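A.B. asks: The following block contains the structure, expressed as structure tokens.
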Amino acid sequence: MSSLRPLLAFSILLVLYTDVVAAASSSSSKFRSGSATVHNPKLPPPSLSASKRFEGSSNLVNLRYHMGPVLSSSPINIYLIWYGKWALPEQNLIKDFLLSFSVAAAAPSPSVAEWWRTVTLYNDQTGANVSRSIVIAGEYSDRRYSLGTQLTRLSIQQVIASAVRSAPFPVDHRNGIYLILTSGDVIVQDFCRAVCGFHYFTFPSMVGYTLPYAWVGNSGQQCPEVCAYPFAIPGYMGGGGAAALSPPNGDIGVDGMISVIGHELAELSSNPLVNAWYAGEDPTAPTEIGDLCEGLYGSGGGGGYIGAVMKDGEGRSFNLNGGNGRRFLVQWLWSPVLKACAGPNALD
């Protein structure tokens with residue numbers, strides 16, 4: 001449900017590590033795809049590699065459907081709430097990512113739209129799948145920090161209530177996702193310590209309605225080594241380990257947010273009311289389709305290694321192409337068909 005990298009990634013990927021594929025035999029270039037070089041920043045020793053085709057495949061994972069709804073109505077309407085002071089280039093970068101989800105957003109393979117197809121494999125008891133179409137249906141800016149610069153989980157719901165009451169947003173029960181993004185100077189409960197983002201649904205007592213929402217914070221000033229990994233590396237990973245990667249759009253904080261946003265939207269769409277797709281028996285602490293693959297970005301990954309990704313001519317790392325010529329580095333997701341983590345940039 002919540003996204004915290006890389007600490008959670010280690011605990012999950014180490015469990016799955018024995019079934020991980022090594023897609024190359026060294027950290028040097030594997031091959032070239034257009035102007036981008038495919039590389040693995042840090043490969044595991046070949047002796048620890050296995051032979052399964054898909055990364056993180058394991059018979060130990062019991063992801064089950066619990067009879068709740070998924071976001072199957074088309075299109076999925078995203079209502080963006082910008083809390084705090086955001087620069088226009090930061091907003092444009094995030095919006096370009098969100099607009100890349102739909103099939104109509106033409107981008108070369110591997111693309112964000114192809115990555116989202118894994119999410120659309122999840123369906124509900126009627127057989128309806130998560131929608132392939134996503135649009136930005138509205139935006140609301142709270143540049144005055146109406147609830148201050150320190151927010152709790154409940155006060156985030158109050159931010160949504162303010163946006164709904166001020167009328168830029170409708171109450172969209174059927175198709176809506178409310179996405180709250182806080183700027184780098186906003187402190188949120190458990191941010192950097194336990195979460196980089198989370199999703200849930202609003203309480204009628206707070207907002208007046210039950211609406212699915214997600215929150216993600218900009219960690220660039222507060223904890224890039226935690227929530228913008230692998231663009232920043234924790235101190236304990238130094239000394240011969242993998243070096244920090246160069247962000248594809250030159251913004252450690254916002255480029256780091258992109259993968260967290262993808263993580264939360266994938267889980268929100270497949271488990272909007274926390275009663276649909278998740279592993280484990282406790283719905284208050286579910287392990288969802290993003291949690292199972294956190295920290296994994298390409299073939300050969302696992303055990304703390306992100307896997308094979310691409311590098312452009314300026315040394316910036318990415319694994320997905322998006323609209324407007326953008327490139328992004330986004331974690332893989334658990335496929336219900338492959339029973340494994342999967343992404344469109346897989347080498348096999």
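Note on naming: chains are A, B, ... as they come in the structure tokens, residues start from 1 per chain, ligands start from 1 in the order shown.
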DSSP on the backbone: which residues in segment 111-327 of chain A end up as strand (DSSP E)? Give the answer as a ChimeraX atom specification.
C.D. replies: /A:134-142,150-151,176-182,187-188,197-201,212-217,277-279,309-311,317-318,320-321,327
A.B. asks: Keeping N, CA and C atoms for every residue in the selection just given, could you write it to a file as a CSV table (one decimal), in the first residue's frame?
C.D. replies:
```
chain,number,residue,atom,x,y,z
A,134,ILE,N,-6.5,6.7,-19.2
A,134,ILE,CA,-6.3,7.6,-18.1
A,134,ILE,C,-6.2,9.0,-18.6
A,135,VAL,N,-6.9,9.9,-18.0
A,135,VAL,CA,-6.8,11.3,-18.3
A,135,VAL,C,-6.7,12.2,-17.1
A,136,ILE,N,-6.1,13.4,-17.2
A,136,ILE,CA,-6.1,14.3,-16.2
A,136,ILE,C,-7.4,15.2,-16.3
A,137,ALA,N,-8.3,14.9,-15.4
A,137,ALA,CA,-9.6,15.6,-15.5
A,137,ALA,C,-9.7,16.9,-14.8
A,138,GLY,N,-8.7,17.3,-14.0
A,138,GLY,CA,-8.7,18.6,-13.3
A,138,GLY,C,-7.5,18.8,-12.5
A,139,GLU,N,-7.2,20.0,-12.2
A,139,GLU,CA,-6.1,20.4,-11.3
A,139,GLU,C,-6.5,21.5,-10.3
A,140,TYR,N,-5.9,21.4,-9.1
A,140,TYR,CA,-6.2,22.4,-8.1
A,140,TYR,C,-4.9,22.7,-7.4
A,141,SER,N,-4.5,23.9,-7.2
A,141,SER,CA,-3.3,24.3,-6.5
A,141,SER,C,-3.6,25.0,-5.2
A,142,ASP,N,-2.9,24.5,-4.2
A,142,ASP,CA,-3.0,25.2,-2.9
A,142,ASP,C,-1.6,25.7,-2.5
A,150,GLN,N,3.0,21.1,7.7
A,150,GLN,CA,3.1,19.8,8.3
A,150,GLN,C,1.7,19.1,8.3
A,151,LEU,N,1.6,18.0,7.6
A,151,LEU,CA,0.3,17.3,7.4
A,151,LEU,C,0.3,15.9,8.0
A,176,GLY,N,-13.1,8.4,-10.6
A,176,GLY,CA,-12.1,9.3,-10.1
A,176,GLY,C,-11.0,8.8,-9.2
A,177,ILE,N,-9.8,9.3,-9.4
A,177,ILE,CA,-8.7,9.2,-8.5
A,177,ILE,C,-8.2,10.6,-8.1
A,178,TYR,N,-8.0,10.8,-6.8
A,178,TYR,CA,-7.6,12.1,-6.3
A,178,TYR,C,-6.1,11.9,-5.9
A,179,LEU,N,-5.2,12.6,-6.6
A,179,LEU,CA,-3.8,12.5,-6.4
A,179,LEU,C,-3.2,13.8,-5.8
A,180,ILE,N,-2.8,13.7,-4.6
A,180,ILE,CA,-2.3,14.8,-3.8
A,180,ILE,C,-0.7,14.7,-3.9
A,181,LEU,N,-0.1,15.8,-4.3
A,181,LEU,CA,1.4,15.9,-4.4
A,181,LEU,C,1.8,17.0,-3.6
A,182,THR,N,2.7,16.8,-2.6
A,182,THR,CA,3.2,17.8,-1.8
A,182,THR,C,4.6,18.2,-2.2
A,187,ILE,N,6.2,18.7,5.2
A,187,ILE,CA,6.5,17.5,6.0
A,187,ILE,C,5.2,16.8,6.2
A,188,VAL,N,5.2,15.5,5.9
A,188,VAL,CA,4.0,14.6,6.0
A,188,VAL,C,4.2,13.5,7.0
A,197,GLY,N,5.0,7.3,-0.2
A,197,GLY,CA,3.7,7.6,-0.7
A,197,GLY,C,2.7,6.6,-0.2
A,198,PHE,N,1.4,6.8,-0.3
A,198,PHE,CA,0.5,5.8,0.1
A,198,PHE,C,-0.9,6.1,-0.6
A,199,HIS,N,-1.7,5.1,-0.6
A,199,HIS,CA,-3.1,5.3,-1.1
A,199,HIS,C,-4.1,4.7,-0.1
A,200,TYR,N,-5.3,5.3,-0.2
A,200,TYR,CA,-6.4,4.8,0.6
A,200,TYR,C,-7.7,5.4,0.1
A,201,PHE,N,-8.7,5.5,0.9
A,201,PHE,CA,-10.0,6.1,0.4
A,201,PHE,C,-10.4,7.1,1.5
A,212,PRO,N,-11.4,7.2,-3.7
A,212,PRO,CA,-10.0,6.7,-3.7
A,212,PRO,C,-9.0,7.8,-3.9
A,213,TYR,N,-7.9,7.8,-3.2
A,213,TYR,CA,-6.9,8.8,-3.4
A,213,TYR,C,-5.5,8.3,-3.1
A,214,ALA,N,-4.5,9.0,-3.6
A,214,ALA,CA,-3.1,8.7,-3.3
A,214,ALA,C,-2.4,9.9,-3.0
A,215,TRP,N,-1.4,9.8,-2.2
A,215,TRP,CA,-0.5,10.9,-1.9
A,215,TRP,C,1.0,10.5,-2.1
A,216,VAL,N,1.8,11.4,-2.7
A,216,VAL,CA,3.2,11.3,-2.9
A,216,VAL,C,3.9,12.6,-2.6
A,217,GLY,N,5.0,12.5,-1.9
A,217,GLY,CA,5.8,13.7,-1.6
A,217,GLY,C,7.1,13.9,-2.4
A,277,TRP,N,-7.3,-6.8,-4.9
A,277,TRP,CA,-6.1,-7.6,-5.2
A,277,TRP,C,-4.9,-7.3,-4.2
A,278,TYR,N,-4.6,-8.2,-3.4
A,278,TYR,CA,-3.4,-8.1,-2.5
A,278,TYR,C,-3.0,-9.4,-1.9
A,279,ALA,N,-1.8,-9.5,-1.4
A,279,ALA,CA,-1.3,-10.7,-0.8
A,279,ALA,C,-1.3,-10.5,0.7
A,309,VAL,N,18.8,-1.5,-17.1
A,309,VAL,CA,18.1,-0.4,-17.5
A,309,VAL,C,18.8,0.2,-18.7
A,310,MET,N,18.3,1.4,-19.2
A,310,MET,CA,19.0,2.0,-20.4
A,310,MET,C,19.6,3.3,-19.9
A,311,LYS,N,20.6,3.7,-20.7
A,311,LYS,CA,21.3,4.9,-20.5
A,311,LYS,C,21.4,5.7,-21.8
A,317,SER,N,19.8,7.6,-16.8
A,317,SER,CA,19.2,6.2,-16.8
A,317,SER,C,17.7,6.3,-16.9
A,318,PHE,N,17.1,5.3,-17.6
A,318,PHE,CA,15.7,5.2,-17.8
A,318,PHE,C,15.4,3.8,-18.2
A,320,LEU,N,11.7,3.4,-19.4
A,320,LEU,CA,10.5,3.6,-20.2
A,320,LEU,C,10.5,4.9,-21.0
A,321,ASN,N,9.9,4.9,-22.1
A,321,ASN,CA,9.7,6.1,-22.9
A,321,ASN,C,8.2,6.6,-22.7
A,327,ARG,N,11.6,10.5,-20.9
A,327,ARG,CA,12.0,9.2,-20.5
A,327,ARG,C,11.9,9.1,-18.9
```
A.B. asks: Could you give me, as a list in words, the residues within 9 Å of Met1 of chain A, counting only C-alpha atoms and dropping anything in the same chain fewer than 5 positions from it?
C.D. replies: Gly197, Phe198, His199, Tyr200, His263, Glu264, Glu267, Leu268, Val274, Ala285, Pro286, Thr287, Glu288, Ile289, Gly290 and Asp291 of chain A
A.B. asks: Write out as number ranges by chain which residues come within 10 Å of segment 98-100 of chain A when counting only C-alpha atoms, dropping same-chain ones fewer than 5 positions away.
C.D. replies: A: 78, 92-93, 105-107, 111-114, 116, 133-136, 258, 261-262, 265, 321-324, 326
A.B. asks: Can you write just those residues out, N, CA and C atoms, as a compact mmCIF listing (two decimals), in the first residue's frame?
C.D. replies:
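Okay, this is what ended up in selection_11.txt:
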```txt
# COMPACT_ATOMS: atom_id res chain seq x y z
N ILE A 78 -8.03 11.39 -13.33
CA ILE A 78 -7.12 11.80 -12.26
C ILE A 78 -7.34 13.27 -11.96
N ASN A 92 4.92 20.00 -15.24
CA ASN A 92 4.86 19.47 -16.61
C ASN A 92 5.47 18.08 -16.70
N LEU A 93 6.55 17.84 -15.96
CA LEU A 93 7.19 16.53 -15.97
C LEU A 93 6.24 15.46 -15.44
N ALA A 105 -1.22 7.72 -26.17
CA ALA A 105 0.02 8.48 -26.03
C ALA A 105 1.14 7.72 -26.74
N ALA A 106 1.41 8.11 -27.98
CA ALA A 106 2.39 7.39 -28.79
C ALA A 106 3.80 7.61 -28.25
N ALA A 107 4.50 6.53 -27.98
CA ALA A 107 5.89 6.59 -27.52
C ALA A 107 6.55 5.29 -27.94
N SER A 111 7.46 1.46 -23.45
CA SER A 111 6.74 2.70 -23.15
C SER A 111 5.98 2.60 -21.83
N VAL A 112 5.57 3.76 -21.34
CA VAL A 112 4.75 3.82 -20.13
C VAL A 112 3.42 3.11 -20.35
N ALA A 113 2.82 3.30 -21.55
CA ALA A 113 1.55 2.65 -21.85
C ALA A 113 1.69 1.13 -21.81
N GLU A 114 2.83 0.60 -22.30
CA GLU A 114 3.06 -0.85 -22.23
C GLU A 114 3.23 -1.30 -20.77
N TRP A 116 1.75 0.03 -18.20
CA TRP A 116 0.43 0.06 -17.58
C TRP A 116 -0.40 -1.17 -17.96
N SER A 133 -7.37 3.49 -20.26
CA SER A 133 -7.43 4.92 -20.57
C SER A 133 -7.39 5.76 -19.30
N ILE A 134 -6.45 6.71 -19.25
CA ILE A 134 -6.30 7.59 -18.09
C ILE A 134 -6.18 9.03 -18.59
N VAL A 135 -6.91 9.93 -17.95
CA VAL A 135 -6.85 11.34 -18.32
C VAL A 135 -6.67 12.18 -17.07
N ILE A 136 -6.10 13.36 -17.24
CA ILE A 136 -6.07 14.35 -16.16
C ILE A 136 -7.35 15.17 -16.29
N ILE A 258 8.29 10.03 -9.68
CA ILE A 258 7.61 9.39 -10.80
C ILE A 258 7.35 7.92 -10.53
N ILE A 261 4.73 7.51 -7.82
CA ILE A 261 3.40 7.80 -8.36
C ILE A 261 2.89 6.59 -9.14
N GLY A 262 3.74 6.02 -9.99
CA GLY A 262 3.34 4.83 -10.74
C GLY A 262 2.97 3.68 -9.82
N LEU A 265 -0.48 4.51 -8.10
CA LEU A 265 -1.62 4.48 -9.02
C LEU A 265 -1.92 3.05 -9.47
N ASN A 321 9.86 4.91 -22.13
CA ASN A 321 9.66 6.11 -22.92
C ASN A 321 8.24 6.62 -22.72
N GLY A 322 8.10 7.95 -22.69
CA GLY A 322 6.80 8.56 -22.50
C GLY A 322 6.49 9.58 -23.58
N GLY A 323 5.38 10.29 -23.39
CA GLY A 323 4.99 11.33 -24.33
C GLY A 323 5.92 12.53 -24.27
N ASN A 324 5.83 13.35 -25.31
CA ASN A 324 6.64 14.57 -25.43
C ASN A 324 8.15 14.29 -25.36
N ARG A 326 9.71 12.34 -23.43
CA ARG A 326 10.21 12.11 -22.06
C ARG A 326 10.68 10.66 -21.88
```
A.B. asks: I'd like to know which residues of segment 119-348 of chain A are alpha helix (DSSP H) (by DSSP, run on the backbone); could you write them as number ranges by chain?
C.D. replies: A: 153-165, 204-207, 224-227, 252-270
A.B. asks: Considering only C-alpha atoms, can you say which of A:Ala36, A:Ser109, A:Ser335, A:Pro234 comes closest to Ala266 of chain A?
C.D. replies: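 For Ala266 of chain A, the nearest of the given residues is A:Ser335.
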A.B. asks: What separation in Å, quoted to one decimal, exists between atom CA of Ser166 of chain A and atom CA of Met206 of chain A?
C.D. replies: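 That distance, rounded to one decimal, is 15.1 Å.
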A.B. asks: Considering only C-alpha atoms, state which residue in the set A:Ile252, A:Leu80, A:Ala276, A:Cys293 is at the smallest distance from Tyr65 of chain A.
C.D. replies: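 That would be A:Ala276, the residue with the smallest distance to Tyr65 of chain A.
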A.B. asks: In Å, with one decimal, what is the gap from atom CA of Val164 of chain A to atom CA of Leu273 of chain A?
C.D. replies: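 Taking atom CA of Val164 of chain A as the start and atom CA of Leu273 of chain A as the end point, the length is 19.6 Å.
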A.B. asks: Considering only C-alpha atoms, state which residue in the set A:Pro204, A:Thr118, A:Asn77, A:Ser155 is at the smallest distance from Phe169 of chain A.
C.D. replies: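 Comparing A:Pro204, A:Thr118, A:Asn77, A:Ser155 against Phe169 of chain A, the winner is A:Asn77.
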A.B. asks: List the spatial neighbours of Ser259 of chain A as JSON, numbers by chain - criterion: any atom at most 8 Å away, only C-alpha atoms, same-chain residues fewer than 5 positions off excluded.
C.D. replies: {"A": [329, 330, 331]}
A.B. asks: Using C-alpha atoms, can you export the residues from the last selection as a PDB file, in the first residue's frame?
C.D. replies:
```
ATOM      1  CA  LEU A 329      12.697   5.162 -14.588  1.00  0.00           C
ATOM      2  CA  VAL A 330       9.744   3.261 -13.122  1.00  0.00           C
ATOM      3  CA  GLN A 331       9.665   0.086 -11.036  1.00  0.00           C
TER       4      GLN A 331
END
```
A.B. asks: Out of A:Pro247, A:Gly220, A:Gly68, A:Gly127, which residue has the shortest atom-to-atom distance to Glu314 of chain A when counting only C-alpha atoms?
C.D. replies: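 Using only C-alpha atoms, Glu314 of chain A sits closest to A:Pro247.
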A.B. asks: If we count only C-alpha atoms, what is near Gln189 of chain A at a cut-off of 9 Å, once residues fewer than 3 positions away on the same chain are taken out, given as a PyMOL selection string?
C.D. replies: chain A and resi 150-153+192-195
A.B. asks: Mind checking which residues fall within 9 Å of Ala228 of chain A, counting only C-alpha atoms, ignoring those fewer than 2 positions away in the same chain, and posting them as a list in words?
C.D. replies: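 Contacts, in chain order: Arg5, Pro6, Cys196, Asn218, Ser219, Gly220, Cys223, Pro224, Glu225, Val226, Pro230, Phe231, Ala232, Ile233, Ile252, Gly253, Val254, Asp255, Gly256, Met257, Ser259 and Val260 of chain A.
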